Each structure stands twice: as C-alpha cells, then as structure tokens.
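**Student:** My questions will all concern the structure given below.
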Amino acid sequence: MYSDRRIKSSKMIHSLFMMNSHRDIFMEKHWKSAIKRSVCDFVFEALEKASSPEDLPPVIATPHHYLISIYRERLYFVSVVSKEIQPLFVIEFLHRIVDTFIDYFGECSESAIKENYVVVYELLEEMLDNGYPLATESNILKELIKPPNILRSVVNTVTGQSNVADKLPKGQLSNVPWRRTGVKYTSNEAYFDITEEVDAIIDRSGSTVFAEIQGSIDATVKLSGMPDLTLSFVNSRLLDDVSFHPCVRYKRWEADRVLSFIPPDGNFKLCSYHVGAQGMTSIPIYIRHNIQYTNAGGKFEVTIGPRHTMGKVIEDLKISAFMPKQVLNINLFPTQGDYTFNPVDKEMIWEVGKIVSGKPPSIRGSISLQSGVPAPEEKPTLTVNFKIQQLSISGLRVNRLDMHGERYKPFKGVKYITTAGKFQVRT
C-alpha cells in the first residue's frame, strides 16, 4: 500500500500497454483519456537499437509523454505519463502489477492475461485509482476481487456476477491496512526465503571486473490474530540500500538493525537489499576457457567447476554464448549434459545440470567458419546461469524470529538460495 504522502507527490499514470516479445500489443488500459497505440512506436525504435530485450531504456522521452517500462516474463509493460515523475515510483508499481498477476494466475504470460481479461481489468481498476496507486497488497486485493477458478467462472457465466466483492475489505479501515482482520489458522506458520542473485563480469584472465549481490527476503506468513514479529540477523551490517515493505518499522531498523513488523497475511516480499563489491562478493564458480579462430576454423573449450560453495551442490547450470556471424556450425563433445546450436541466431546453449563431486564438467570441439571471409576478431561472451540451495553467498544469516501479541507457538523456517543474475565471462 502506498502512503498518501507518496501519492500526492506523484503525477498521474495515464495508460498502460502490454506487449509481447514480437512487439504485438495485446492489452491496454487507460485511466484518463485514451492514448493512441502509436505512442509505442518510440519503444519499437528503441528496441531496434537495443542489443537484447533487457537493454530497452526504462525511460523514453517523447514530444508529449514519458514512457516508463519494465521487461519481465518475456513481456513489456509500458506506462505513459504526461509530466515528469520519479521513474522508480512507476517502475516499482509495474513490478507490483506483475507480481499480482503471478499471485492470481500462477504465471504472468500473454495467454494467462488473455484468459483472464475481466479479472485483469478489475485488478487494474483497484490497483490504480484515477492514475494513482491505491490497493497494491495481495491479501487486500483478494478480498476485493476473488482469484479465478473453474467453479467461480462457471457460476459467474451463468448468473452474470463478477469477481468483485460487495463490501470493502476490513483492513482498509484499520491502521494496519496491509493485513485483514479476524485471521484464523489451524496451523500457524511463518517461512522466509532469502534469495540472492550474483551479478558479475569476469575478464579473460579470470579476474573479477565487477561483482555485486541483489538479495530479497520473501515471506509466507499464515498466522492467526494480529502477531507482531521481530526478525534479527547475525550480520545485518552486510545489507546496504535496503528497500522495505510498508509493514516494516524503519526507525527500529535504523536503531537496532532488526526487522520489526506486523506481517500481511499470505505471501509478500519483506525487503530487498544490495551487497556491494567492497571485496565481499565471492564468486561461487570458476570457468576456464580457450576459444580460438583460424582461417580454416577454430576450437572451443570450456571447463566449469564449483568454488566457495561451502560444500553445497550447484544445480540448473547452463552456459550460453552468441557466436560471431562468420560461424557456420560448431561440433562439440560435452562430458556432462547436452548442447544445442542455432545456426540462425548463432546461439550455443550447454545444459550442464547438476555438478557432482569429482571431475569438473567440460565441453570441447571444433568451430566451422565461412570460407573466403576473414576470421572473427571478437570472441563470444559466456552467460552463466545456476542455482545453489541452502547457500547465502553474501554470508547473511538469520539469528532468530520472535513473535509478540499472540500466545501460540508457530512453525518457523528459513531457506537460502543463491542464483546467477547477469553473470558474464569474457573470453
């Protein structure tokens, strides 16, 4: 829920366009006057200059509007504003829209949105009132608009009813607007997932050019009554640039470096944080590579292994690279997993999977080049994806979780996950 102070200091969001990776606008919503789809031509022009979908500039200035957008789940969400506004305010709201769709439909895809057009429009009407953010908490929205299911869809079709509730959610009238009143559970539980993404650039010699960690703490809280929770950490000084859910008492964090809050009911993001590169970011893998070109062809060799993983297993490991346009084909032999090569877009993908103890996996083979043209001067950049369960690469650890205001003892748990963000290795 956005505070009144933030709403008053912000200008209006006029329209929202949703488009797929093929640049087809499949949905639009207008809160004031309708803005023509042709305004998205400025987005298409910027995409022509972008090297990848993620490189679209988040803010595009046009003669009469500003276009502020995000790219998530292979979809573009483009908002149109008429006056200058804090871009992060709109970007955060767009991310909240995507998170709400995932919570309601299980995914945020073009097909899911099209199948639930009515619910999507109802959600957007409640989340944005006359262009200003209003209700953005999932549990409040679910009291206003019931999530779709097969039985409810059949009943609504027969009776002509909608998913919109007749009464205002009780939490809207309390001083804790993110939590509904009268919550009761037979099994009370509070679980926290600490997920950290490693963004890194490794140069040809294996040295780290850039490394930082983007982390988030996602919570699933199903507690009866009105519990007051306190989450403390072993080493909270690691956290920098922390962004909190509105339920967190910021003064308590500044004074004691603990998270004190009355939680929303259900799933929510408690906070996100950043760990800088002041010698504190360790790289959990190493990559050795040898990619060479000659006039007749070339060779491709890559070896990858774990490092600084505290004995945890690396899972879902994948390495991809876009080869130069002179490459016709590559013939590789992996010691583990499978690889594919697309001769049209020149992308090589090596699906390694899980790294087991023993000899590190490697892939090697030959490169076929076009005849009669010079050998490529540039070498491909390797993009790495991985996941490590029960590891917080920054070293962040939860000390304890205390509950006040209720007498029962809940089930509690913390899970740590480290994944690759934008992780690139220059060859």
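Numbering starts fresh at 1 for the residues of each chain in the structure tokens, the chains themselves are lettered A, B, ... in the order given, and ligands are numbered from 1 as they appear.
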Need the shell around Lys387 of chain A: protein/DNA/RNA residues with any atom at most 7 Å away, counting only C-alpha atoms. Skip same-chain ones fewer than 3 positions apart. Format as a VMD selection string?
**Tutor:** chain A and resid 314 to 316 418 to 420
**Student:** Neighbouring residues of Phe322 of chain A were defined as those with any atom within 8 Å, considering only C-alpha atoms; residues of the same chain fewer than 5 positions away were excluded. Please report them as an MDAnalysis selection string.
**Tutor:** chainID A and resid 345:348 380:382
**Student:** Could you give me the residues within segment 322-358 of chain A that DSSP places in strand (DSSP E or B), as a PyMOL selection string?
**Tutor:** chain A and resi 322+327-334+338-342+347-353
**Student:** Convert the current residue selection to file output with N, CA, C and O atoms, as a compact mmCIF listing (two decimals), in the first residue's frame.
**Tutor:**
# COMPACT_ATOMS: atom_id res chain seq x y z
N PHE A 322 26.59 -16.33 -27.75
CA PHE A 322 26.27 -15.97 -29.13
C PHE A 322 27.57 -15.90 -29.92
O PHE A 322 28.43 -15.07 -29.65
N VAL A 327 30.50 -17.79 -38.02
CA VAL A 327 30.46 -19.20 -37.60
C VAL A 327 29.28 -19.89 -38.30
O VAL A 327 28.13 -19.47 -38.18
N LEU A 328 29.59 -20.97 -39.01
CA LEU A 328 28.55 -21.76 -39.67
C LEU A 328 27.98 -22.81 -38.74
O LEU A 328 26.79 -23.03 -38.68
N ASN A 329 28.88 -23.48 -38.00
CA ASN A 329 28.43 -24.57 -37.13
C ASN A 329 29.53 -24.85 -36.10
O ASN A 329 30.68 -24.43 -36.27
N ILE A 330 29.17 -25.52 -35.03
CA ILE A 330 30.15 -25.99 -34.06
C ILE A 330 29.82 -27.44 -33.73
O ILE A 330 28.67 -27.84 -33.64
N ASN A 331 30.86 -28.22 -33.59
CA ASN A 331 30.73 -29.64 -33.28
C ASN A 331 31.42 -29.90 -31.94
O ASN A 331 32.65 -29.93 -31.86
N LEU A 332 30.62 -30.04 -30.89
CA LEU A 332 31.17 -30.12 -29.53
C LEU A 332 30.87 -31.46 -28.89
O LEU A 332 29.92 -32.15 -29.26
N PHE A 333 31.69 -31.78 -27.86
CA PHE A 333 31.53 -33.03 -27.11
C PHE A 333 31.57 -32.71 -25.62
O PHE A 333 32.66 -32.51 -25.05
N PRO A 334 30.40 -32.63 -24.97
CA PRO A 334 30.39 -32.35 -23.53
C PRO A 334 30.61 -33.62 -22.71
O PRO A 334 30.14 -34.71 -23.09
N ASP A 338 23.91 -31.78 -22.27
CA ASP A 338 23.72 -31.69 -23.72
C ASP A 338 23.87 -30.25 -24.17
O ASP A 338 23.67 -29.32 -23.39
N TYR A 339 24.20 -30.11 -25.45
CA TYR A 339 24.32 -28.76 -26.00
C TYR A 339 23.50 -28.66 -27.28
O TYR A 339 23.19 -29.66 -27.94
N THR A 340 23.10 -27.42 -27.61
CA THR A 340 22.42 -27.13 -28.86
C THR A 340 23.06 -25.90 -29.49
O THR A 340 23.61 -25.04 -28.80
N PHE A 341 22.98 -25.83 -30.82
CA PHE A 341 23.48 -24.67 -31.54
C PHE A 341 22.46 -24.28 -32.59
O PHE A 341 22.05 -25.10 -33.41
N ASN A 342 22.03 -23.02 -32.54
CA ASN A 342 21.07 -22.49 -33.50
C ASN A 342 21.85 -21.74 -34.59
O ASN A 342 22.40 -20.67 -34.33
N GLU A 347 23.38 -18.97 -31.53
CA GLU A 347 23.46 -19.16 -30.08
C GLU A 347 23.78 -20.61 -29.74
O GLU A 347 23.12 -21.54 -30.22
N MET A 348 24.78 -20.78 -28.88
CA MET A 348 25.13 -22.08 -28.34
C MET A 348 24.67 -22.16 -26.90
O MET A 348 24.94 -21.25 -26.11
N ILE A 349 23.96 -23.22 -26.54
CA ILE A 349 23.48 -23.42 -25.18
C ILE A 349 23.95 -24.77 -24.69
O ILE A 349 23.69 -25.80 -25.32
N TRP A 350 24.64 -24.77 -23.57
CA TRP A 350 25.12 -26.01 -22.94
C TRP A 350 24.35 -26.20 -21.63
O TRP A 350 24.56 -25.46 -20.68
N GLU A 351 23.47 -27.18 -21.60
CA GLU A 351 22.70 -27.51 -20.40
C GLU A 351 23.51 -28.51 -19.58
O GLU A 351 23.50 -29.71 -19.85
N VAL A 352 24.19 -28.01 -18.56
CA VAL A 352 25.07 -28.87 -17.76
C VAL A 352 24.27 -29.63 -16.71
O VAL A 352 24.48 -30.81 -16.47
N GLY A 353 23.33 -28.95 -16.05
CA GLY A 353 22.55 -29.58 -14.99
C GLY A 353 23.24 -29.44 -13.64
O GLY A 353 23.68 -28.35 -13.26
**Student:** Residues at most 12 Å from Met310 of chain A, counting only C-alpha atoms, excluding those fewer than 5 positions away in the same chain, as a PDB file with all heavy atoms, in the first residue's frame?
**Tutor:**
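As a result, selection_18.pdb now contains:
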ATOM      1  N   SER A 282      31.877 -13.061  -3.179  1.00  0.00           N
ATOM      2  CA  SER A 282      32.653 -14.213  -3.631  1.00  0.00           C
ATOM      3  C   SER A 282      31.942 -14.852  -4.806  1.00  0.00           C
ATOM      4  O   SER A 282      30.712 -14.902  -4.859  1.00  0.00           O
ATOM      5  CB  SER A 282      32.827 -15.223  -2.494  1.00  0.00           C
ATOM      6  OG  SER A 282      31.577 -15.644  -1.997  1.00  0.00           O
ATOM      7  N   ILE A 283      32.696 -15.340  -5.761  1.00  0.00           N
ATOM      8  CA  ILE A 283      32.155 -15.962  -6.967  1.00  0.00           C
ATOM      9  C   ILE A 283      32.082 -17.467  -6.730  1.00  0.00           C
ATOM     10  O   ILE A 283      33.097 -18.102  -6.444  1.00  0.00           O
ATOM     11  CB  ILE A 283      33.037 -15.646  -8.189  1.00  0.00           C
ATOM     12  CG1 ILE A 283      33.233 -14.141  -8.322  1.00  0.00           C
ATOM     13  CG2 ILE A 283      32.427 -16.236  -9.449  1.00  0.00           C
ATOM     14  CD1 ILE A 283      31.969 -13.360  -8.508  1.00  0.00           C
ATOM     15  N   PRO A 284      30.889 -18.083  -6.841  1.00  0.00           N
ATOM     16  CA  PRO A 284      30.739 -19.488  -6.458  1.00  0.00           C
ATOM     17  C   PRO A 284      31.202 -20.492  -7.510  1.00  0.00           C
ATOM     18  O   PRO A 284      31.131 -21.704  -7.276  1.00  0.00           O
ATOM     19  CB  PRO A 284      29.226 -19.618  -6.219  1.00  0.00           C
ATOM     20  CG  PRO A 284      28.618 -18.604  -7.110  1.00  0.00           C
ATOM     21  CD  PRO A 284      29.595 -17.458  -7.168  1.00  0.00           C
ATOM     22  N   ILE A 285      31.632 -20.031  -8.693  1.00  0.00           N
ATOM     23  CA  ILE A 285      32.097 -20.954  -9.728  1.00  0.00           C
ATOM     24  C   ILE A 285      33.360 -20.394 -10.377  1.00  0.00           C
ATOM     25  O   ILE A 285      33.663 -19.206 -10.259  1.00  0.00           O
ATOM     26  CB  ILE A 285      31.031 -21.178 -10.819  1.00  0.00           C
ATOM     27  CG1 ILE A 285      30.710 -19.856 -11.522  1.00  0.00           C
ATOM     28  CG2 ILE A 285      29.766 -21.808 -10.253  1.00  0.00           C
ATOM     29  CD1 ILE A 285      29.821 -20.010 -12.740  1.00  0.00           C
ATOM     30  N   ILE A 388      22.019 -22.489  -6.344  1.00  0.00           N
ATOM     31  CA  ILE A 388      22.623 -23.221  -5.220  1.00  0.00           C
ATOM     32  C   ILE A 388      21.661 -23.140  -4.046  1.00  0.00           C
ATOM     33  O   ILE A 388      21.368 -22.059  -3.541  1.00  0.00           O
ATOM     34  CB  ILE A 388      23.999 -22.634  -4.831  1.00  0.00           C
ATOM     35  CG1 ILE A 388      24.912 -22.537  -6.057  1.00  0.00           C
ATOM     36  CG2 ILE A 388      24.649 -23.501  -3.756  1.00  0.00           C
ATOM     37  CD1 ILE A 388      26.228 -21.839  -5.776  1.00  0.00           C
ATOM     38  N   GLN A 389      21.173 -24.295  -3.619  1.00  0.00           N
ATOM     39  CA  GLN A 389      20.243 -24.348  -2.492  1.00  0.00           C
ATOM     40  C   GLN A 389      20.987 -24.241  -1.166  1.00  0.00           C
ATOM     41  O   GLN A 389      22.123 -24.685  -1.030  1.00  0.00           O
ATOM     42  CB  GLN A 389      19.449 -25.668  -2.526  1.00  0.00           C
ATOM     43  CG  GLN A 389      18.622 -25.872  -3.790  1.00  0.00           C
ATOM     44  CD  GLN A 389      17.292 -25.164  -3.740  1.00  0.00           C
ATOM     45  OE1 GLN A 389      16.992 -24.420  -2.803  1.00  0.00           O
ATOM     46  NE2 GLN A 389      16.458 -25.401  -4.742  1.00  0.00           N
ATOM     47  N   GLN A 390      20.314 -23.635  -0.192  1.00  0.00           N
ATOM     48  CA  GLN A 390      20.822 -23.529   1.182  1.00  0.00           C
ATOM     49  C   GLN A 390      22.184 -22.838   1.268  1.00  0.00           C
ATOM     50  O   GLN A 390      23.044 -23.210   2.058  1.00  0.00           O
ATOM     51  CB  GLN A 390      20.880 -24.913   1.840  1.00  0.00           C
ATOM     52  CG  GLN A 390      19.526 -25.543   2.064  1.00  0.00           C
ATOM     53  CD  GLN A 390      18.591 -24.657   2.891  1.00  0.00           C
ATOM     54  OE1 GLN A 390      19.014 -23.990   3.827  1.00  0.00           O
ATOM     55  NE2 GLN A 390      17.319 -24.651   2.522  1.00  0.00           N
ATOM     56  N   LEU A 391      22.379 -21.839   0.416  1.00  0.00           N
ATOM     57  CA  LEU A 391      23.604 -21.041   0.467  1.00  0.00           C
ATOM     58  C   LEU A 391      23.257 -19.570   0.273  1.00  0.00           C
ATOM     59  O   LEU A 391      22.577 -19.199  -0.680  1.00  0.00           O
ATOM     60  CB  LEU A 391      24.587 -21.478  -0.630  1.00  0.00           C
ATOM     61  CG  LEU A 391      25.865 -20.623  -0.727  1.00  0.00           C
ATOM     62  CD1 LEU A 391      26.744 -20.822   0.511  1.00  0.00           C
ATOM     63  CD2 LEU A 391      26.647 -20.942  -1.990  1.00  0.00           C
ATOM     64  N   SER A 392      23.719 -18.759   1.216  1.00  0.00           N
ATOM     65  CA  SER A 392      23.650 -17.310   1.083  1.00  0.00           C
ATOM     66  C   SER A 392      25.062 -16.831   0.776  1.00  0.00           C
ATOM     67  O   SER A 392      25.936 -16.823   1.655  1.00  0.00           O
ATOM     68  CB  SER A 392      23.127 -16.673   2.376  1.00  0.00           C
ATOM     69  OG  SER A 392      23.251 -15.278   2.340  1.00  0.00           O
ATOM     70  N   ILE A 393      25.305 -16.466  -0.480  1.00  0.00           N
ATOM     71  CA  ILE A 393      26.668 -16.180  -0.918  1.00  0.00           C
ATOM     72  C   ILE A 393      27.260 -14.963  -0.215  1.00  0.00           C
ATOM     73  O   ILE A 393      28.480 -14.828  -0.089  1.00  0.00           O
ATOM     74  CB  ILE A 393      26.707 -16.006  -2.451  1.00  0.00           C
ATOM     75  CG1 ILE A 393      28.120 -16.152  -2.997  1.00  0.00           C
ATOM     76  CG2 ILE A 393      26.072 -14.694  -2.848  1.00  0.00           C
ATOM     77  CD1 ILE A 393      28.695 -17.536  -2.856  1.00  0.00           C
ATOM     78  N   SER A 394      26.400 -14.065   0.282  1.00  0.00           N
ATOM     79  CA  SER A 394      26.897 -12.891   0.999  1.00  0.00           C
ATOM     80  C   SER A 394      27.298 -13.218   2.437  1.00  0.00           C
ATOM     81  O   SER A 394      27.990 -12.432   3.074  1.00  0.00           O
ATOM     82  CB  SER A 394      25.822 -11.799   1.015  1.00  0.00           C
ATOM     83  OG  SER A 394      24.716 -12.194   1.816  1.00  0.00           O
ATOM     84  N   GLY A 395      26.836 -14.354   2.943  1.00  0.00           N
ATOM     85  CA  GLY A 395      27.085 -14.698   4.333  1.00  0.00           C
ATOM     86  C   GLY A 395      25.986 -14.250   5.275  1.00  0.00           C
ATOM     87  O   GLY A 395      26.104 -14.435   6.495  1.00  0.00           O
TER      88      GLY A 395
END
**Student:** Give me the residues within 12 Å of Ala211 of chain A as a PyMOL selection string, counting only C-alpha atoms and dropping any in the same chain fewer than 5 places off.
**Tutor:** chain A and resi 197-203+274-284+393-394+420-425
**Student:** Would you work out the distance separating atom CA of Pro374 of chain A from atom CA of Gln292 of chain A, expressed in Å to one decimal?
**Tutor:** 13.5 Å
**Student:** Name all residues at most 7 Å from Phe77 of chain A (count only C-alpha atoms; drop same-chain ones fewer than 5 positions away) and give them as number ranges by chain.
**Tutor:** A: 16-19, 69-71
**Student:** Could you check which of A:Pro360, A:Thr427, A:Val242, A:Ser15 is closest to Ser205 of chain A, using only C-alpha atoms?
**Tutor:**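 So, comparing all the options, the nearest one is A:Thr427.
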**Student:** Work out how far apart atom CA of Asn175 of chain A and atom CA of Val258 of chain A are and give it in Å to one decimal.
**Tutor:**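 According to the coordinates, atom CA of Asn175 of chain A and atom CA of Val258 of chain A are separated by 22.0 Å.
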**Student:** With DSSP run on the backbone, what are the alpha helix (DSSP H) residues within segment 10-165 of chain A? I'd like them as a VMD selection string.
**Tutor:** chain A and resid 41 to 49 87 to 105 110 to 115 117 to 127 138 to 144 150 to 159
**Student:** So how many Å separate atom CA of Ser207 of chain A and atom CA of His289 of chain A, to one decimal?
**Tutor:** 13.1 Å
**Student:** Taking only C-alpha atoms into account, which of A:Ala34, A:Leu239, A:Leu128, A:Ile13 comes nearest Val90 of chain A?
**Tutor:**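 Comparing A:Ala34, A:Leu239, A:Leu128, A:Ile13 against Val90 of chain A, the winner is A:Ile13.
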**Student:** Can you tell me which residues surround Val78 of chain A at a distance of at most 12 Å, considering only C-alpha atoms, apart from same-chain residues fewer than 4 positions away, and format the answer as an MDAnalysis selection string?
**Tutor:** chainID A and resid 13:20 23 25 27:30 37 39:44 56:60 65:72 90:91 93:95 97
**Student:** Which residues are close to Leu231 of chain A, i.e. within 10 Å by only C-alpha atoms, leaving aside same-chain residues fewer than 3 positions away? Reply as a list in words.
**Tutor:**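 Once the adjacent positions are removed, what remains is Arg257, Val258, Leu259, Ser260, Phe261, Val398, Asn399, Arg400, Leu401, Asp402 and Met403 of chain A.
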**Student:** Limited to C-alpha atoms, could you put the picked residues into a file as a CSV table (one decimal), in the first residue's frame?
**Tutor:**
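Printed below is again_4.csv as written:
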chain,number,residue,atom,x,y,z
A,257,ARG,CA,19.2,-3.3,12.7
A,258,VAL,CA,16.3,-5.7,13.2
A,259,LEU,CA,13.1,-6.1,11.2
A,260,SER,CA,10.1,-5.4,13.4
A,261,PHE,CA,6.7,-5.7,11.6
A,398,VAL,CA,19.0,-15.2,10.3
A,399,ASN,CA,19.6,-15.2,14.0
A,400,ARG,CA,16.1,-15.7,15.3
A,401,LEU,CA,12.4,-14.9,14.8
A,402,ASP,CA,10.4,-13.7,17.8
A,403,MET,CA,6.6,-13.2,17.9
**Student:** So, with only C-alpha atoms as the atoms that count, which of A:Ile262, A:Val120, A:Val313, A:Ile417 lies closest to Lys222 of chain A?
**Tutor:**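 Of all the options, A:Ile262 lies closest to Lys222 of chain A.
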